[in-house]
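What follows is one structure encoded as structure tokens, with my remarks underneath.
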Amino acid sequence: MEPGQLALIIFAVAFLLLVIFIGILLLRLTRSLGVITMDVDTIARSSNEILGNANVLLNDINGKVKTLDPTVQAMADLSVTVSKLNNSAQNVTHKFSGVKAGATGVAAAMTKNATKAAMGKFRNKKKTEV
């Protein structure tokens with residue numbers, strides 16, 4: 001055997017081994033792609049079910065929100081009314097703030113003014129009777 005023939009045999013064996021390894025690699029790759037394809041199909045079906053359930057849930061929530069809308073509006077109206085009541089109470093408080101409340105507070109000042117007014121009416125009534 002000449003060196004050229006020996007090199008050709010070595011090259012042919014190496015090429016045969018390369019083809020065998022590439023064939024094995026392609027078979028494994030084909031199997032892996034088959035498994036991945038099945039998994040992707042399963043995930044796609046599951047995601048379709050999840051999206052369908054999400055749509056049903058969203059429609060249910062929208063219906064319940066429509067039911068709650070009048071309640072929320074009533075609460076908003078109530079908060080406006082309470083705000084107006086607070087403003088009225090502050091206005092009344094400012095009317096009576098001319099009297100020094102001291103440590104007893106605004107309620108005591110209002111009571112004092114109301115008592116003073118009531119006593120004034122009582123005295124005027126008593127004077128007219130005499």
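Labels for the structure tokens follow display order: chains A, B, ..., residues from 1 in each chain, ligands from 1.
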Closest atom pairs, segment 45-67 of chain A residues within 12 Å of segment 72-91 of chain A, only C-alpha atoms, as a Markdown table:
| residue | atom | partner | partner_atom | distance |
| --- | --- | --- | --- | --- |
| A:Val65 | CA | A:Val72 | CA | 9.6 |
| A:Lys66 | CA | A:Val72 | CA | 10.1 |
| A:Thr67 | CA | A:Val72 | CA | 9.7 |
Output the selection as a PDB file, in the first residue's frame - N, CA, C and O atoms for each residue.
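The file below, selection_15.pdb, is the result:
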ATOM      1  N   VAL A  65     -69.592  44.955  37.978  1.00  0.00           N
ATOM      2  CA  VAL A  65     -69.237  46.375  38.080  1.00  0.00           C
ATOM      3  C   VAL A  65     -70.433  47.239  37.696  1.00  0.00           C
ATOM      4  O   VAL A  65     -70.696  48.260  38.327  1.00  0.00           O
ATOM      5  N   LYS A  66     -71.169  46.812  36.667  1.00  0.00           N
ATOM      6  CA  LYS A  66     -72.374  47.560  36.285  1.00  0.00           C
ATOM      7  C   LYS A  66     -73.398  47.555  37.414  1.00  0.00           C
ATOM      8  O   LYS A  66     -74.106  48.534  37.628  1.00  0.00           O
ATOM      9  N   THR A  67     -73.465  46.458  38.158  1.00  0.00           N
ATOM     10  CA  THR A  67     -74.371  46.380  39.295  1.00  0.00           C
ATOM     11  C   THR A  67     -73.930  47.322  40.406  1.00  0.00           C
ATOM     12  O   THR A  67     -74.751  47.927  41.080  1.00  0.00           O
TER      13      THR A  67
END
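Our summary of the geometry notes that atom CA of Asn59 of chain A is positioned 22.6 Å from atom CA of Ala44 of chain A.
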**Request:** Work out how far atom CA of Met38 of chain A is from atom CA of Asn55 of chain A, in Å to one decimal.
**Result:** 25.9 Å
**Asked** What is the distance, in Å and to one decimal place, between atom CA of Glu49 of chain A and atom CA of Leu33 of chain A?
**Response**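 If I compute the distance from atom CA of Glu49 of chain A to atom CA of Leu33 of chain A, I get 24.3 Å.
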